[in-house]
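Participant: Quick one: the structure is below, questions incoming.
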Amino acid sequence: MRRLLLTICVLAFLIPQISVSQIIAIKAGLLIDPASGKSFNSRIILVEGERIKSVGFGTAVPPGARVIDLSAFTVLPGLIDAHTHLCTDVALDSSWQGRITERFTSYILQTSTSYRALTGVVKAASMLESGFTTVRDVGNAGNYADTDLRRAIENGLFPGPTIINAGRIIAPYGGQLQLNPERPGLGTPEYFYADTRDEMRKAIRENIHFGAKVIKVVVDNQPYSYSEDDLRFMVEEARRAGLKVAAHCHTPEAARNAVMAGVASIEHGTRMDDETLMLARKNGTALVGTEMPREVWELFGAEQRYAVLIDRLQRAHRIGVTLVYGSDALYETGNRTRGEMALTILDSWKDAGVPPLETLRAMTANAAKLLGVENERGAVAAGLAADLIAVPGNPLKDIFALKQVEFVMKNGKVIKTPQQESPAKHNKTPESKEK
């Protein structure tokens, strides 16, 4: 008997203990499903562990559950920024006017990868605080600071959004810089300069080996650019490893080459013409337009670019291109945090007349599909990751309500709560007609 008891004790020690997660019951005053465009009053969202257990009306709250009363708020999926640079932080001021390439080059040359990673920790926390629970980081992170940032967040070292990172950007010789012929290597490791097929293949494989989850290609920042065949070669090489390609394009020709080659998204697409936009719609290529607000273009000394971007966004929306929200924020202005800066792109979308529902889809369902996480994130539904935010007001009526995120949950963990979950100043449930 003694030997049996000893055996049972040993086995009990060796067998992993099953932990029971406390259920969280969230009382949502209004719940928005951006994909369908429907909104629902008085829903109960049960969260167990990292996932949503159920969503319903009149759902019984299990005994012992933690109740979070958001009955005075609108609840919706966590936001997604599909074009970020978390490991870059440039001081943006009037000295940038007419000297964008020069100032950006100076930052790259003077900032170490380790400093970039530390920058990323701060910017990631800021993005999460502002409601961005998932981001796609598209490079400019030195020697894989973005990979280390992603891994640290995944391993629970500090809070941050889910990151889909690009590693080192692939580009024709020179990338986005103007190099010194006496020191041509100064542009690396920021970029892979890949002009031959062997260089392209090696750049993609090395990126994947060192943790990239998406391949970012700069198509046209030099007088020469990648051809359709070049891009098709890289799209196929990345596809074999299960990765998508994001293509930085400004000219109509570059964007057309990228769309024809089968890239997943056009980044910027500044001067895309209607023909190329219609081709993007037909091929299912998303546009991540990065329409930075007017104030930023004024600091760049390029105010005219704002009108060009607003016109392109209006045409893309009218034509029916899949729109995905991307801030391109690598700076802060006006004492705003990085997360607050990422939300200023809402100003541009409102100026372009994009309806709030389409903007919400661009920040949730559309973005989740582009990033390949649609089976995990981008909606509030049973079985999905518990990435939730809450705002006062109704963003279907006023999209700027997203600038007042007061509750954030990431993978079932509460990151931010209102000072009072049902504050007197928001004592009315946001208006909605259930559809």
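Going by the structure tokens order, chains are called A, B, ..., each with residues numbered from 1, while ligands are numbered from 1 in the order shown.
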Give me, as a PyMOL selection string, the residues of segment 80-221 of chain A that a backbone DSSP run labels alpha helix (DSSP H).

Facilitator: chain A and resi 100-110+113-129+145-154+197-209

Participant: Those residues you just picked out, can you put them in a file as a short mmCIF file (atom, residue, chain, number, x, y, z; two decimals), in the first residue's frame with N, CA and C atoms?

Facilitator:
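Dumped to selection08.cif:
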data_model
loop_
_atom_site.label_atom_id
_atom_site.label_comp_id
_atom_site.auth_asym_id
_atom_site.auth_seq_id
_atom_site.Cartn_x
_atom_site.Cartn_y
_atom_site.Cartn_z
N ILE A 100 13.51 64.69 -47.32
CA ILE A 100 12.98 63.46 -46.73
C ILE A 100 14.01 62.34 -46.80
N THR A 101 14.57 62.10 -48.00
CA THR A 101 15.52 61.00 -48.16
C THR A 101 16.76 61.22 -47.30
N GLU A 102 17.25 62.45 -47.27
CA GLU A 102 18.45 62.77 -46.48
C GLU A 102 18.23 62.52 -45.00
N ARG A 103 17.10 62.98 -44.46
CA ARG A 103 16.82 62.83 -43.03
C ARG A 103 16.58 61.37 -42.66
N PHE A 104 15.87 60.65 -43.53
CA PHE A 104 15.59 59.24 -43.26
C PHE A 104 16.87 58.42 -43.30
N THR A 105 17.74 58.75 -44.26
CA THR A 105 19.03 58.05 -44.35
C THR A 105 19.86 58.29 -43.09
N SER A 106 19.86 59.51 -42.60
CA SER A 106 20.63 59.82 -41.39
C SER A 106 20.13 59.00 -40.21
N TYR A 107 18.81 58.87 -40.09
CA TYR A 107 18.26 58.09 -38.99
C TYR A 107 18.72 56.63 -39.08
N ILE A 108 18.63 56.06 -40.26
CA ILE A 108 19.01 54.66 -40.45
C ILE A 108 20.48 54.43 -40.11
N LEU A 109 21.33 55.34 -40.54
CA LEU A 109 22.76 55.16 -40.34
C LEU A 109 23.18 55.37 -38.89
N GLN A 110 22.42 56.14 -38.14
CA GLN A 110 22.84 56.51 -36.80
C GLN A 110 22.18 55.69 -35.69
N THR A 113 20.48 48.49 -34.16
CA THR A 113 19.38 47.54 -34.09
C THR A 113 18.86 47.38 -32.67
N SER A 114 19.75 47.37 -31.68
CA SER A 114 19.31 47.21 -30.30
C SER A 114 18.44 48.38 -29.87
N TYR A 115 18.79 49.59 -30.29
CA TYR A 115 17.97 50.75 -29.96
C TYR A 115 16.61 50.65 -30.66
N ARG A 116 16.63 50.13 -31.90
CA ARG A 116 15.38 49.94 -32.64
C ARG A 116 14.45 49.00 -31.87
N ALA A 117 15.01 47.92 -31.33
CA ALA A 117 14.20 46.95 -30.59
C ALA A 117 13.57 47.60 -29.35
N LEU A 118 14.36 48.39 -28.63
CA LEU A 118 13.83 49.08 -27.45
C LEU A 118 12.75 50.08 -27.85
N THR A 119 12.96 50.75 -28.97
CA THR A 119 11.92 51.63 -29.50
C THR A 119 10.64 50.86 -29.76
N GLY A 120 10.80 49.66 -30.34
CA GLY A 120 9.65 48.83 -30.65
C GLY A 120 8.83 48.46 -29.43
N VAL A 121 9.49 48.23 -28.30
CA VAL A 121 8.77 47.89 -27.07
C VAL A 121 7.81 49.01 -26.70
N VAL A 122 8.29 50.24 -26.75
CA VAL A 122 7.47 51.40 -26.38
C VAL A 122 6.34 51.61 -27.39
N LYS A 123 6.66 51.53 -28.67
CA LYS A 123 5.65 51.79 -29.70
C LYS A 123 4.59 50.69 -29.73
N ALA A 124 5.00 49.45 -29.49
CA ALA A 124 4.05 48.34 -29.46
C ALA A 124 3.04 48.55 -28.34
N ALA A 125 3.52 48.94 -27.16
CA ALA A 125 2.63 49.17 -26.03
C ALA A 125 1.66 50.31 -26.33
N SER A 126 2.15 51.34 -26.99
CA SER A 126 1.31 52.48 -27.34
C SER A 126 0.22 52.08 -28.33
N MET A 127 0.57 51.28 -29.32
CA MET A 127 -0.42 50.82 -30.29
C MET A 127 -1.51 50.00 -29.61
N LEU A 128 -1.11 49.11 -28.73
CA LEU A 128 -2.08 48.29 -28.02
C LEU A 128 -2.99 49.15 -27.15
N GLU A 129 -2.43 50.12 -26.48
CA GLU A 129 -3.20 51.02 -25.62
C GLU A 129 -4.26 51.76 -26.42
N ALA A 145 15.22 43.62 -35.77
CA ALA A 145 14.65 44.03 -34.49
C ALA A 145 13.17 43.68 -34.42
N ASP A 146 12.48 43.70 -35.56
CA ASP A 146 11.04 43.38 -35.57
C ASP A 146 10.78 41.92 -35.20
N THR A 147 11.67 41.02 -35.65
CA THR A 147 11.51 39.61 -35.28
C THR A 147 11.68 39.44 -33.77
N ASP A 148 12.69 40.06 -33.20
CA ASP A 148 12.90 39.95 -31.75
C ASP A 148 11.75 40.56 -30.97
N LEU A 149 11.21 41.67 -31.48
CA LEU A 149 10.06 42.30 -30.83
C LEU A 149 8.87 41.34 -30.85
N ARG A 150 8.59 40.75 -32.00
CA ARG A 150 7.46 39.82 -32.10
C ARG A 150 7.63 38.64 -31.15
N ARG A 151 8.82 38.05 -31.14
CA ARG A 151 9.06 36.89 -30.28
C ARG A 151 8.94 37.24 -28.80
N ALA A 152 9.41 38.40 -28.43
CA ALA A 152 9.33 38.81 -27.01
C ALA A 152 7.88 38.98 -26.58
N ILE A 153 7.06 39.56 -27.44
CA ILE A 153 5.64 39.71 -27.12
C ILE A 153 4.96 38.35 -27.06
N GLU A 154 5.26 37.48 -28.02
CA GLU A 154 4.67 36.14 -28.03
C GLU A 154 5.07 35.33 -26.80
N ARG A 197 17.94 37.11 -60.05
CA ARG A 197 17.03 36.11 -59.50
C ARG A 197 17.66 35.40 -58.30
N ASP A 198 18.94 35.13 -58.38
CA ASP A 198 19.61 34.47 -57.26
C ASP A 198 19.57 35.36 -56.02
N GLU A 199 19.78 36.67 -56.20
CA GLU A 199 19.75 37.59 -55.06
C GLU A 199 18.33 37.69 -54.49
N MET A 200 17.34 37.69 -55.36
CA MET A 200 15.95 37.74 -54.89
C MET A 200 15.61 36.50 -54.08
N ARG A 201 15.97 35.34 -54.61
CA ARG A 201 15.67 34.09 -53.91
C ARG A 201 16.39 34.04 -52.56
N LYS A 202 17.64 34.43 -52.54
CA LYS A 202 18.40 34.39 -51.29
C LYS A 202 17.82 35.37 -50.27
N ALA A 203 17.42 36.54 -50.73
CA ALA A 203 16.85 37.54 -49.82
C ALA A 203 15.56 37.02 -49.17
N ILE A 204 14.72 36.40 -49.97
CA ILE A 204 13.46 35.87 -49.44
C ILE A 204 13.73 34.75 -48.44
N ARG A 205 14.61 33.83 -48.82
CA ARG A 205 14.89 32.69 -47.93
C ARG A 205 15.59 33.13 -46.65
N GLU A 206 16.49 34.08 -46.76
CA GLU A 206 17.17 34.56 -45.55
C GLU A 206 16.18 35.26 -44.64
N ASN A 207 15.28 36.06 -45.21
CA ASN A 207 14.25 36.72 -44.42
C ASN A 207 13.41 35.71 -43.66
N ILE A 208 12.96 34.70 -44.37
CA ILE A 208 12.12 33.68 -43.74
C ILE A 208 12.89 32.97 -42.63
N HIS A 209 14.16 32.64 -42.91
CA HIS A 209 14.98 31.96 -41.93
C HIS A 209 15.10 32.75 -40.63
#

Participant: I need the residues in segment 16-118 of chain A that are strand (DSSP E or B) according to DSSP; give them as number ranges by chain.

Facilitator: A: 23-33, 38-48, 51-56, 66-77, 79-84

Participant: Would you export the selected residues with C-alpha atoms as a PDB file, in the first residue's frame, please?

Facilitator:
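Contents of selection39.pdb, freshly written:
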ATOM      1  CA  ILE A  23     -14.359  33.035 -17.254  1.00  0.00           C
ATOM      2  CA  ILE A  24     -14.798  36.726 -17.999  1.00  0.00           C
ATOM      3  CA  ALA A  25     -18.297  37.960 -18.828  1.00  0.00           C
ATOM      4  CA  ILE A  26     -18.376  41.211 -20.780  1.00  0.00           C
ATOM      5  CA  LYS A  27     -21.662  43.101 -20.880  1.00  0.00           C
ATOM      6  CA  ALA A  28     -21.665  45.031 -24.161  1.00  0.00           C
ATOM      7  CA  GLY A  29     -24.109  47.903 -24.565  1.00  0.00           C
ATOM      8  CA  LEU A  30     -23.708  47.717 -28.333  1.00  0.00           C
ATOM      9  CA  LEU A  31     -21.762  45.072 -30.258  1.00  0.00           C
ATOM     10  CA  ILE A  32     -20.642  45.764 -33.827  1.00  0.00           C
ATOM     11  CA  ASP A  33     -19.814  43.087 -36.393  1.00  0.00           C
ATOM     12  CA  LYS A  38     -24.786  44.476 -38.203  1.00  0.00           C
ATOM     13  CA  SER A  39     -24.957  45.810 -34.670  1.00  0.00           C
ATOM     14  CA  PHE A  40     -26.592  44.238 -31.629  1.00  0.00           C
ATOM     15  CA  ASN A  41     -27.811  45.666 -28.339  1.00  0.00           C
ATOM     16  CA  SER A  42     -27.109  44.148 -24.911  1.00  0.00           C
ATOM     17  CA  ARG A  43     -24.884  41.218 -25.734  1.00  0.00           C
ATOM     18  CA  ILE A  44     -22.932  39.074 -23.284  1.00  0.00           C
ATOM     19  CA  ILE A  45     -19.486  37.952 -24.414  1.00  0.00           C
ATOM     20  CA  LEU A  46     -18.000  35.082 -22.430  1.00  0.00           C
ATOM     21  CA  VAL A  47     -14.219  34.802 -22.574  1.00  0.00           C
ATOM     22  CA  GLU A  48     -12.340  31.751 -21.355  1.00  0.00           C
ATOM     23  CA  ARG A  51     -10.593  32.839 -26.650  1.00  0.00           C
ATOM     24  CA  ILE A  52     -14.192  33.901 -26.938  1.00  0.00           C
ATOM     25  CA  LYS A  53     -16.396  31.128 -25.562  1.00  0.00           C
ATOM     26  CA  SER A  54     -19.754  32.504 -26.661  1.00  0.00           C
ATOM     27  CA  VAL A  55     -21.613  35.640 -27.739  1.00  0.00           C
ATOM     28  CA  GLY A  56     -25.313  35.961 -27.027  1.00  0.00           C
ATOM     29  CA  ARG A  66     -15.437  38.109 -13.535  1.00  0.00           C
ATOM     30  CA  VAL A  67     -17.999  40.583 -14.865  1.00  0.00           C
ATOM     31  CA  ILE A  68     -16.868  43.600 -16.880  1.00  0.00           C
ATOM     32  CA  ASP A  69     -19.733  46.028 -17.353  1.00  0.00           C
ATOM     33  CA  LEU A  70     -19.383  47.830 -20.679  1.00  0.00           C
ATOM     34  CA  SER A  71     -23.122  48.386 -21.053  1.00  0.00           C
ATOM     35  CA  ALA A  72     -22.537  52.090 -21.711  1.00  0.00           C
ATOM     36  CA  PHE A  73     -20.008  51.408 -24.474  1.00  0.00           C
ATOM     37  CA  THR A  74     -19.740  50.045 -27.988  1.00  0.00           C
ATOM     38  CA  VAL A  75     -17.705  46.835 -28.205  1.00  0.00           C
ATOM     39  CA  LEU A  76     -16.014  45.721 -31.413  1.00  0.00           C
ATOM     40  CA  PRO A  77     -13.039  43.648 -32.591  1.00  0.00           C
ATOM     41  CA  LEU A  79      -8.221  47.167 -34.585  1.00  0.00           C
ATOM     42  CA  ILE A  80      -5.545  46.208 -37.124  1.00  0.00           C
ATOM     43  CA  ASP A  81      -2.890  48.510 -38.610  1.00  0.00           C
ATOM     44  CA  ALA A  82      -1.520  46.787 -41.707  1.00  0.00           C
ATOM     45  CA  HIS A  83       1.393  49.162 -42.356  1.00  0.00           C
ATOM     46  CA  THR A  84       3.458  50.048 -39.310  1.00  0.00           C
TER      47      THR A  84
END

Participant: Distance atom CA of Pro355 of chain A-atom CA of Pro395 of chain A, one decimal place?

Facilitator: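 Distance reported for this atom pair: 10.4 Å.
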
Participant: Between A:Glu376, A:Val414, A:Asp387, A:Ile399, which one has atoms that come closest to Leu357 of chain A, using only C-alpha atoms?

Facilitator: A:Ile399

Participant: Which residues come within 8 Å of segment 159-176 of chain A, counting only C-alpha atoms, excluding same-chain residues fewer than 4 positions away, as a PyMOL selection string?

Facilitator: chain A and resi 101+121+124-125+127-128+132-147+150+153-154+187+189-195+200+203-204+207+210-219+221-222+224-226+371+410

Participant: Could you name the residues that touch Arg361 of chain A at 10 Å or less, counting only C-alpha atoms, but leaving out those on the same chain fewer than 4 positions away, as an MDAnalysis selection string?

Facilitator: chainID A and resid 33:37 79:80 322:325 356:357 365:368 378:379

Participant: Between atom CA of Gly131 of chain A and atom CA of Val408 of chain A, what is the spacing in Å?

Facilitator: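 Answer for the atom CA of Val408 of chain A to atom CA of Gly131 of chain A separation: 6.0 Å.
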
Participant: If you count only C-alpha atoms, which residues fall within 12 Å of Leu346 of chain A, apart from same-chain ones fewer than 2 positions away, as JSON, numbers by chain?

Facilitator: {"A": [81, 290, 291, 292, 293, 294, 310, 325, 326, 327, 340, 341, 342, 343, 344, 348, 349, 350, 351, 352, 353, 354, 355, 356, 358, 359, 360, 362, 363, 395, 398, 399, 400, 401, 402, 403]}

Participant: Would you mind telling me which residue in A:Gly262, A:Arg338, A:Thr111, A:Ala246 lies nearest to Leu186 of chain A when using only C-alpha atoms?

Facilitator: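 Smallest distance to Leu186 of chain A is found for A:Thr111.
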
Participant: Rounded to one decimal, what separation in Å do you get between atom CA of Gly334 of chain A and atom CA of Leu92 of chain A?

Facilitator: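 Value for the atom CA of Gly334 of chain A-atom CA of Leu92 of chain A distance: 10.1 Å.
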
Participant: Considering only C-alpha atoms, state which residue in the set A:Ala264, A:Ala316, A:Val380, A:Val245 is at the smallest distance from Met278 of chain A.

Facilitator: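 Comparing A:Ala264, A:Ala316, A:Val380, A:Val245 against Met278 of chain A, the winner is A:Ala316.
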